[in-house]
Each structure stands twice: as C-alpha cells, then as structure tokens.
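What follows is upload-v7.cif (mmCIF, C-alpha atoms; chains and numbers go by the auth columns).
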```cif
data_start
#
loop_
_atom_site.group_PDB
_atom_site.id
_atom_site.type_symbol
_atom_site.label_atom_id
_atom_site.label_comp_id
_atom_site.label_asym_id
_atom_site.label_seq_id
_atom_site.Cartn_x
_atom_site.Cartn_y
_atom_site.Cartn_z
_atom_site.B_iso_or_equiv
_atom_site.auth_seq_id
_atom_site.auth_asym_id
ATOM 1 C CA ILE A 1 -6.339 -8.044 20.476 0.00 13 R
ATOM 2 C CA ASN A 2 -8.504 -5.699 18.429 0.00 14 R
ATOM 3 C CA TYR A 3 -12.234 -5.610 17.790 0.00 15 R
ATOM 4 C CA ARG A 4 -14.277 -5.817 14.601 0.00 16 R
ATOM 5 C CA LYS A 5 -17.159 -3.414 13.970 0.00 17 R
ATOM 6 C CA ASN A 6 -19.563 -6.060 15.275 0.00 18 R
ATOM 7 C CA GLY A 7 -17.641 -6.181 18.599 0.00 19 R
ATOM 8 C CA GLU A 8 -15.993 -9.561 17.958 0.00 20 R
ATOM 9 C CA ALA A 9 -12.429 -9.779 19.284 0.00 21 R
ATOM 10 C CA TYR A 10 -9.640 -10.940 16.982 0.00 22 R
ATOM 11 C CA SER A 11 -5.899 -11.393 17.248 0.00 23 R
ATOM 12 C CA CYS A 12 -3.749 -8.952 15.363 0.00 24 R
ATOM 13 C CA ARG A 13 -0.075 -8.370 14.862 0.00 25 R
ATOM 14 C CA LEU A 14 1.661 -5.018 14.574 0.00 26 R
ATOM 15 C CA VAL A 15 4.624 -4.493 12.296 0.00 27 R
ATOM 16 C CA VAL A 16 6.403 -1.243 13.160 0.00 28 R
ATOM 17 C CA HIS A 17 9.074 0.333 10.957 0.00 29 R
ATOM 18 C CA PRO A 18 11.278 3.345 11.704 0.00 30 R
ATOM 19 C CA ILE A 19 11.248 6.230 9.208 0.00 31 R
ATOM 20 C CA PHE A 20 14.505 8.093 8.624 0.00 32 R
ATOM 21 C CA ASN A 21 15.100 11.405 6.840 0.00 33 R
ATOM 22 C CA GLU A 22 17.859 12.087 4.282 0.00 34 R
ATOM 23 C CA GLU A 23 20.430 12.451 7.094 0.00 35 R
ATOM 24 C CA GLN A 24 19.415 9.029 8.433 0.00 36 R
ATOM 25 C CA LYS A 25 17.903 10.632 11.510 0.00 37 R
ATOM 26 C CA LEU A 26 14.884 8.871 12.990 0.00 38 R
ATOM 27 C CA ILE A 27 11.865 11.093 12.352 0.00 39 R
ATOM 28 C CA ASN A 28 8.854 8.831 12.729 0.00 40 R
ATOM 29 C CA PHE A 29 7.449 5.315 12.717 0.00 41 R
ATOM 30 C CA ILE A 30 4.942 3.594 10.493 0.00 42 R
ATOM 31 C CA ALA A 31 2.886 0.679 11.790 0.00 43 R
ATOM 32 C CA PHE A 32 0.807 -1.893 9.992 0.00 44 R
ATOM 33 C CA GLU A 33 -1.846 -3.935 11.742 0.00 45 R
ATOM 34 C CA ILE A 34 -2.256 -7.430 10.344 0.00 46 R
ATOM 35 C CA ASP A 35 -5.314 -9.534 11.143 0.00 47 R
ATOM 36 C CA ALA A 36 -3.692 -12.683 12.586 0.00 48 R
ATOM 37 C CA THR A 37 -6.599 -14.784 11.296 0.00 49 R
ATOM 38 C CA PHE A 38 -4.950 -14.589 7.890 0.00 50 R
ATOM 39 C CA ILE A 39 -1.364 -15.192 8.989 0.00 51 R
ATOM 40 C CA LYS A 40 -0.250 -18.812 8.951 0.00 52 R
ATOM 41 C CA ASP A 41 2.693 -18.241 11.276 0.00 53 R
ATOM 42 C CA ASP A 42 4.783 -15.384 12.603 0.00 54 R
ATOM 43 C CA SER A 43 7.574 -16.030 10.106 0.00 55 R
ATOM 44 C CA ASN A 44 5.537 -14.035 7.574 0.00 56 R
ATOM 45 C CA ILE A 45 5.482 -11.074 9.917 0.00 57 R
ATOM 46 C CA ALA A 46 9.210 -11.250 10.557 0.00 58 R
ATOM 47 C CA SER A 47 9.813 -10.977 6.815 0.00 59 R
ATOM 48 C CA MET A 48 7.913 -7.696 6.473 0.00 60 R
ATOM 49 C CA GLN A 49 10.627 -5.189 5.675 0.00 61 R
ATOM 50 C CA LEU A 50 10.210 -1.840 3.997 0.00 62 R
ATOM 51 C CA ASN A 51 12.734 -2.796 1.344 0.00 63 R
ATOM 52 C CA SER A 52 12.522 -5.683 -1.087 0.00 64 R
ATOM 53 C CA ALA A 53 15.941 -7.159 -0.230 0.00 65 R
ATOM 54 C CA ASP A 54 14.428 -9.850 1.970 0.00 66 R
ATOM 55 C CA GLN A 55 11.588 -10.837 -0.328 0.00 67 R
ATOM 56 C CA LYS A 56 11.258 -14.427 -1.430 0.00 68 R
ATOM 57 C CA PRO A 57 13.422 -15.153 -4.496 0.00 69 R
ATOM 58 C CA LYS A 58 10.227 -15.680 -6.484 0.00 70 R
ATOM 59 C CA TYR A 59 9.458 -11.951 -6.131 0.00 71 R
ATOM 60 C CA LEU A 60 12.914 -10.396 -6.329 0.00 72 R
ATOM 61 C CA SER A 61 12.351 -9.244 -9.915 0.00 73 R
ATOM 62 C CA SER A 62 8.935 -7.765 -9.122 0.00 74 R
ATOM 63 C CA PRO A 63 8.729 -3.981 -9.512 0.00 75 R
ATOM 64 C CA LEU A 64 6.189 -3.920 -6.659 0.00 76 R
ATOM 65 C CA SER A 65 7.872 -2.376 -3.604 0.00 77 R
ATOM 66 C CA HIS A 66 7.254 -3.853 -0.193 0.00 78 R
ATOM 67 C CA VAL A 67 5.408 -0.728 0.944 0.00 79 R
ATOM 68 C CA GLN A 68 3.155 -1.033 -2.117 0.00 80 R
ATOM 69 C CA GLU A 69 2.711 -4.723 -1.342 0.00 81 R
ATOM 70 C CA ILE A 70 1.614 -4.084 2.236 0.00 82 R
ATOM 71 C CA SER A 71 -0.654 -1.253 1.114 0.00 83 R
ATOM 72 C CA LEU A 72 -2.272 -3.478 -1.521 0.00 84 R
ATOM 73 C CA PHE A 73 -2.714 -6.250 1.058 0.00 85 R
ATOM 74 C CA HIS A 74 -4.541 -3.868 3.399 0.00 86 R
ATOM 75 C CA GLN A 75 -6.697 -2.614 0.532 0.00 87 R
ATOM 76 C CA LEU A 76 -7.572 -6.229 -0.276 0.00 88 R
ATOM 77 C CA ILE A 77 -8.543 -6.957 3.324 0.00 89 R
ATOM 78 C CA GLU A 78 -10.691 -3.817 3.501 0.00 90 R
ATOM 79 C CA LEU A 79 -12.368 -4.692 0.198 0.00 91 R
ATOM 80 C CA MET A 80 -13.095 -8.217 1.377 0.00 92 R
ATOM 81 C CA LYS A 81 -14.571 -6.962 4.663 0.00 93 R
ATOM 82 C CA LYS A 82 -16.532 -4.067 3.160 0.00 94 R
ATOM 83 C CA ASP A 83 -17.937 -5.711 0.041 0.00 95 R
ATOM 84 C CA CYS A 84 -18.003 -9.356 1.232 0.00 96 R
ATOM 85 C CA LEU A 85 -16.757 -10.432 -2.192 0.00 97 R
ATOM 86 C CA TYR A 86 -15.947 -13.884 -0.834 0.00 98 R
ATOM 87 C CA LEU A 87 -19.687 -14.663 -0.842 0.00 99 R
ATOM 88 C CA ASP A 88 -19.561 -14.776 -4.648 0.00 100 R
ATOM 89 C CA SER A 89 -18.831 -18.395 -5.572 0.00 101 R
ATOM 90 C CA SER A 90 -17.617 -17.302 -9.010 0.00 102 R
ATOM 91 C CA LEU A 91 -15.132 -14.733 -7.661 0.00 103 R
ATOM 92 C CA LYS A 92 -12.040 -14.571 -9.868 0.00 104 R
ATOM 93 C CA ILE A 93 -8.622 -13.056 -9.294 0.00 105 R
ATOM 94 C CA ALA A 94 -9.200 -10.758 -12.287 0.00 106 R
ATOM 95 C CA THR A 95 -12.303 -9.305 -10.613 0.00 107 R
ATOM 96 C CA LEU A 96 -10.383 -8.583 -7.424 0.00 108 R
ATOM 97 C CA ALA A 97 -7.455 -7.107 -9.336 0.00 109 R
ATOM 98 C CA ASP A 98 -9.806 -4.803 -11.272 0.00 110 R
ATOM 99 C CA LYS A 99 -11.477 -3.598 -8.074 0.00 111 R
ATOM 100 C CA LEU A 100 -8.054 -2.906 -6.543 0.00 112 R
ATOM 101 C CA LYS A 101 -6.783 -1.260 -9.738 0.00 113 R
ATOM 102 C CA THR A 102 -3.846 -3.639 -9.992 0.00 114 R
ATOM 103 C CA ASN A 103 -2.961 -6.685 -12.040 0.00 115 R
ATOM 104 C CA THR A 104 -3.443 -10.353 -11.220 0.00 116 R
ATOM 105 C CA ARG A 105 0.284 -11.005 -10.911 0.00 117 R
ATOM 106 C CA TYR A 106 0.745 -8.357 -8.215 0.00 118 R
ATOM 107 C CA LEU A 107 -2.368 -9.483 -6.385 0.00 119 R
ATOM 108 C CA SER A 108 -1.190 -13.078 -6.390 0.00 120 R
ATOM 109 C CA GLN A 109 2.249 -11.967 -5.156 0.00 121 R
ATOM 110 C CA VAL A 110 0.740 -9.927 -2.343 0.00 122 R
ATOM 111 C CA VAL A 111 -1.496 -12.699 -1.058 0.00 123 R
ATOM 112 C CA ASN A 112 1.218 -15.330 -1.337 0.00 124 R
ATOM 113 C CA HIS A 113 3.919 -13.206 0.237 0.00 125 R
ATOM 114 C CA GLN A 114 1.789 -11.731 3.040 0.00 126 R
ATOM 115 C CA THR A 115 -0.100 -14.901 4.031 0.00 127 R
ATOM 116 C CA GLY A 116 1.967 -17.776 2.670 0.00 128 R
ATOM 117 C CA GLU A 117 -1.182 -19.007 0.934 0.00 129 R
ATOM 118 C CA ASN A 118 -2.681 -18.823 -2.518 0.00 130 R
ATOM 119 C CA LEU A 119 -5.662 -16.598 -3.278 0.00 131 R
ATOM 120 C CA ALA A 120 -8.203 -19.442 -3.156 0.00 132 R
ATOM 121 C CA ARG A 121 -7.138 -20.388 0.366 0.00 133 R
ATOM 122 C CA PHE A 122 -7.156 -16.726 1.418 0.00 134 R
ATOM 123 C CA ILE A 123 -10.732 -16.295 0.148 0.00 135 R
ATOM 124 C CA ASN A 124 -11.819 -19.589 1.702 0.00 136 R
ATOM 125 C CA ARG A 125 -10.676 -18.334 5.111 0.00 137 R
ATOM 126 C CA TYR A 126 -13.225 -15.529 4.822 0.00 138 R
ATOM 127 C CA ARG A 127 -15.857 -18.010 3.682 0.00 139 R
ATOM 128 C CA VAL A 128 -15.183 -20.308 6.626 0.00 140 R
ATOM 129 C CA GLU A 129 -15.464 -17.368 9.051 0.00 141 R
ATOM 130 C CA GLU A 130 -18.804 -16.456 7.487 0.00 142 R
ATOM 131 C CA VAL A 131 -20.011 -20.073 7.713 0.00 143 R
ATOM 132 C CA LYS A 132 -19.035 -20.149 11.399 0.00 144 R
ATOM 133 C CA GLN A 133 -21.171 -17.080 12.041 0.00 145 R
ATOM 134 C CA GLN A 134 -24.114 -18.331 9.986 0.00 146 R
ATOM 135 C CA ILE A 135 -24.269 -21.906 11.314 0.00 147 R
ATOM 136 C CA THR A 136 -24.434 -20.632 14.878 0.00 148 R
ATOM 137 C CA ASP A 137 -27.204 -18.132 14.088 0.00 149 R
ATOM 138 C CA PRO A 138 -30.549 -19.518 15.336 0.00 150 R
ATOM 139 C CA ALA A 139 -32.285 -17.844 12.377 0.00 151 R
ATOM 140 C CA ASN A 140 -30.559 -20.396 10.113 0.00 152 R
ATOM 141 C CA ASN A 141 -31.582 -23.528 12.036 0.00 153 R
ATOM 142 C CA TYR A 142 -33.835 -24.604 9.162 0.00 154 R
ATOM 143 C CA LEU A 143 -30.888 -24.740 6.734 0.00 155 R
ATOM 144 C CA THR A 144 -28.418 -27.580 6.261 0.00 156 R
ATOM 145 C CA ILE A 145 -24.771 -26.849 6.914 0.00 157 R
ATOM 146 C CA PHE A 146 -23.975 -27.166 3.220 0.00 158 R
ATOM 147 C CA ALA A 147 -26.837 -24.801 2.289 0.00 159 R
ATOM 148 C CA ILE A 148 -25.199 -22.224 4.541 0.00 160 R
ATOM 149 C CA ALA A 149 -21.787 -23.014 3.042 0.00 161 R
ATOM 150 C CA SER A 150 -23.258 -22.471 -0.441 0.00 162 R
ATOM 151 C CA MET A 151 -24.603 -19.076 0.618 0.00 163 R
ATOM 152 C CA CYS A 152 -21.093 -18.259 1.846 0.00 164 R
ATOM 153 C CA GLY A 153 -19.447 -18.951 -1.525 0.00 165 R
ATOM 154 C CA PHE A 154 -18.544 -22.641 -1.442 0.00 166 R
ATOM 155 C CA THR A 155 -19.606 -24.589 -4.532 0.00 167 R
ATOM 156 C CA THR A 156 -18.846 -28.175 -3.527 0.00 168 R
ATOM 157 C CA LYS A 157 -19.408 -30.045 -0.317 0.00 169 R
ATOM 158 C CA SER A 158 -15.979 -31.688 -0.450 0.00 170 R
ATOM 159 C CA THR A 159 -14.133 -28.367 -0.828 0.00 171 R
ATOM 160 C CA PHE A 160 -16.176 -26.865 1.969 0.00 172 R
ATOM 161 C CA HIS A 161 -15.518 -29.727 4.392 0.00 173 R
ATOM 162 C CA LYS A 162 -11.820 -29.856 3.520 0.00 174 R
ATOM 163 C CA CYS A 163 -11.344 -26.085 3.981 0.00 175 R
ATOM 164 C CA PHE A 164 -13.427 -25.935 7.135 0.00 176 R
ATOM 165 C CA LYS A 165 -11.502 -28.761 8.764 0.00 177 R
ATOM 166 C CA GLU A 166 -8.086 -27.399 7.716 0.00 178 R
ATOM 167 C CA ILE A 167 -8.886 -23.948 9.080 0.00 179 R
ATOM 168 C CA THR A 168 -10.822 -24.805 12.256 0.00 180 R
ATOM 169 C CA LYS A 169 -9.241 -28.201 12.974 0.00 181 R
ATOM 170 C CA MET A 170 -12.744 -29.696 13.313 0.00 182 R
ATOM 171 C CA THR A 171 -15.646 -30.712 11.115 0.00 183 R
ATOM 172 C CA PRO A 172 -18.576 -28.316 10.661 0.00 184 R
ATOM 173 C CA LYS A 173 -20.819 -30.666 12.634 0.00 185 R
ATOM 174 C CA ASP A 174 -18.310 -30.828 15.510 0.00 186 R
ATOM 175 C CA TYR A 175 -18.044 -27.029 15.441 0.00 187 R
ATOM 176 C CA VAL A 176 -21.828 -26.654 15.788 0.00 188 R
ATOM 177 C CA GLU A 177 -21.932 -29.204 18.614 0.00 189 R
ATOM 178 C CA GLN A 178 -19.089 -27.469 20.450 0.00 190 R
ATOM 179 C CA PHE A 179 -20.842 -24.114 20.011 0.00 191 R
ATOM 180 C CA LYS A 180 -24.111 -25.511 21.410 0.00 192 R
ATOM 181 C CA LYS A 181 -22.296 -26.987 24.433 0.00 193 R
ATOM 182 C CA SER A 182 -20.546 -23.705 25.206 0.00 194 R
ATOM 183 C CA ASN A 183 -23.799 -21.753 24.996 0.00 195 R
#
```
If you took the structure in this file and wrote it as structure tokens, what would it be?
Amino acid sequence: INYRKNGEAYSCRLVVHPIFNEEQKLINFIAFEIDATFIKDDSNIASMQLNSADQKPKYLSSPLSHVQEISLFHQLIELMKKDCLYLDSSLKIATLADKLKTNTRYLSQVVNHQTGENLARFINRYRVEEVKQQITDPANNYLTIFAIASMCGFTTKSTFHKCFKEITKMTPKDYVEQFKKSN
C-alpha cells in the first residue's frame, strides 16, 4: 500500500532487480513501484525483466530495452498524474508521444507490454478514477453523471458506461448508491 499526494491509499507492486558489476558480483538493487490500479494481473509483473529475452514475441525486434520501457512507463504515469492529460477528450497517442519525447510505436509497446491493455483502455482507467472522485463530490450534485463523465474526457455515454462497468464491476449509478450507503 502506498499513498497518493491527496492521502488516498492505493495498491502497488514492487519489482526488484539485482545489479551486478563486470565481475558478476552483486553491487546493488533497483526497484520499480507499479501502481496496481493499472495492472490487469500479476503475470505482467512477473514478466518484468531487465533484459528483453522474455518480452512478448511482438516486441522482440524492438530496439527499446526493457529498462527504457519501464522508465518510459513511469514517465507516462507521472505525466498523466501531473498534467491530467486524460481529461482531454481529444487526446491522441501522438500528443503523448511528443510530450514524452518518444514515438507512437514505443509508447504503444510500453502501454501494451506493461499493462496488457491498449492506450485507450489505459487512459480510460484514469478517466474512470476521476469520474469516481467527481461523482462522489457533493459540489457536483447538480450535474448528471454523464456531464461529469464528459468533464473527465469521455465523449459518448455508451463508451463511458462500458468502461466504467468493466473497470469497477458496477454501473455508475450503483457506484454512487454504494458510496452514499457507506457514508
């Protein structure tokens, strides 16, 4: 468990790798914290190796090393958290790639390999988290659920409902009702 800047707890996973010198003597460790919200299952974590030998066949010919991949993934997560780019309903992979100073192919590889999802699903996870925060905020009681979803980057009601239900395992209305009962 770790905590966001706002104090909210979240599950995280640590991937720890040994670092060896030229004589193959253990000299250090490097650890990566992964926000478990964006990990479909632990099989993705098990595949995180510092070499590319265990990468999915789809990425074997990629010149992007696994260390670069993990670094780019963390940069993407930080960018999403810091700049809230997911709120932009017209967000494109090219925009993200430009901001990360990489290309769209690498960015797509990183998201797919690290989360097992495509970029749209990855972004929609952030949007759903934002919707969950906004629909439970009393200051937004005058807004419809879809108005809040629109402010959070969703463009269609059907996409919003589908994503919300896939991610939370409940409808937005059920989520609000459950929140009200627990508070």
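Counting all atoms listed in the file, Asn136 in chain R has the following residues at most 10 Å away, ignoring those fewer than 2 positions along the same chain: Tyr98, Leu99, Leu131, Ala132, Arg133, Phe134, Tyr138, Arg139, Val140, Glu141, Glu142, Cys164, Gly165, Phe166, Thr171, Phe172, Cys175, Phe176 and Ile179 of chain R.
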task = For CA of Phe85 in chain R and CA of Thr180 in chain R, determine how far apart the two atoms are, in Å to one decimal place.
result = 23.1 Å
Can you translate the PyMOL selection byres ((chain R and resi 106-123) around 8) into the concrete residues it hits in this file, as a PDB file with C-alpha atoms, in the frame of the given file?
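As a result, out_4.pdb now contains:
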```pdb
ATOM      1  CA  TYR R  71       9.458 -11.951  -6.131  1.00  0.00           C
ATOM      2  CA  LEU R  76       6.189  -3.920  -6.659  1.00  0.00           C
ATOM      3  CA  GLU R  81       2.711  -4.723  -1.342  1.00  0.00           C
ATOM      4  CA  ILE R  82       1.614  -4.084   2.236  1.00  0.00           C
ATOM      5  CA  LEU R  84      -2.272  -3.478  -1.521  1.00  0.00           C
ATOM      6  CA  PHE R  85      -2.714  -6.250   1.058  1.00  0.00           C
ATOM      7  CA  GLN R  87      -6.697  -2.614   0.532  1.00  0.00           C
ATOM      8  CA  LEU R  88      -7.572  -6.229  -0.276  1.00  0.00           C
ATOM      9  CA  LEU R 103     -15.132 -14.733  -7.661  1.00  0.00           C
ATOM     10  CA  LYS R 104     -12.040 -14.571  -9.868  1.00  0.00           C
ATOM     11  CA  ILE R 105      -8.622 -13.056  -9.294  1.00  0.00           C
ATOM     12  CA  ASN R 124       1.218 -15.330  -1.337  1.00  0.00           C
ATOM     13  CA  HIS R 125       3.919 -13.206   0.237  1.00  0.00           C
ATOM     14  CA  GLN R 126       1.789 -11.731   3.040  1.00  0.00           C
ATOM     15  CA  THR R 127      -0.100 -14.901   4.031  1.00  0.00           C
ATOM     16  CA  GLY R 128       1.967 -17.776   2.670  1.00  0.00           C
ATOM     17  CA  GLU R 129      -1.182 -19.007   0.934  1.00  0.00           C
ATOM     18  CA  ASN R 130      -2.681 -18.823  -2.518  1.00  0.00           C
ATOM     19  CA  LEU R 131      -5.662 -16.598  -3.278  1.00  0.00           C
ATOM     20  CA  PHE R 134      -7.156 -16.726   1.418  1.00  0.00           C
TER      21      PHE R 134
END
```
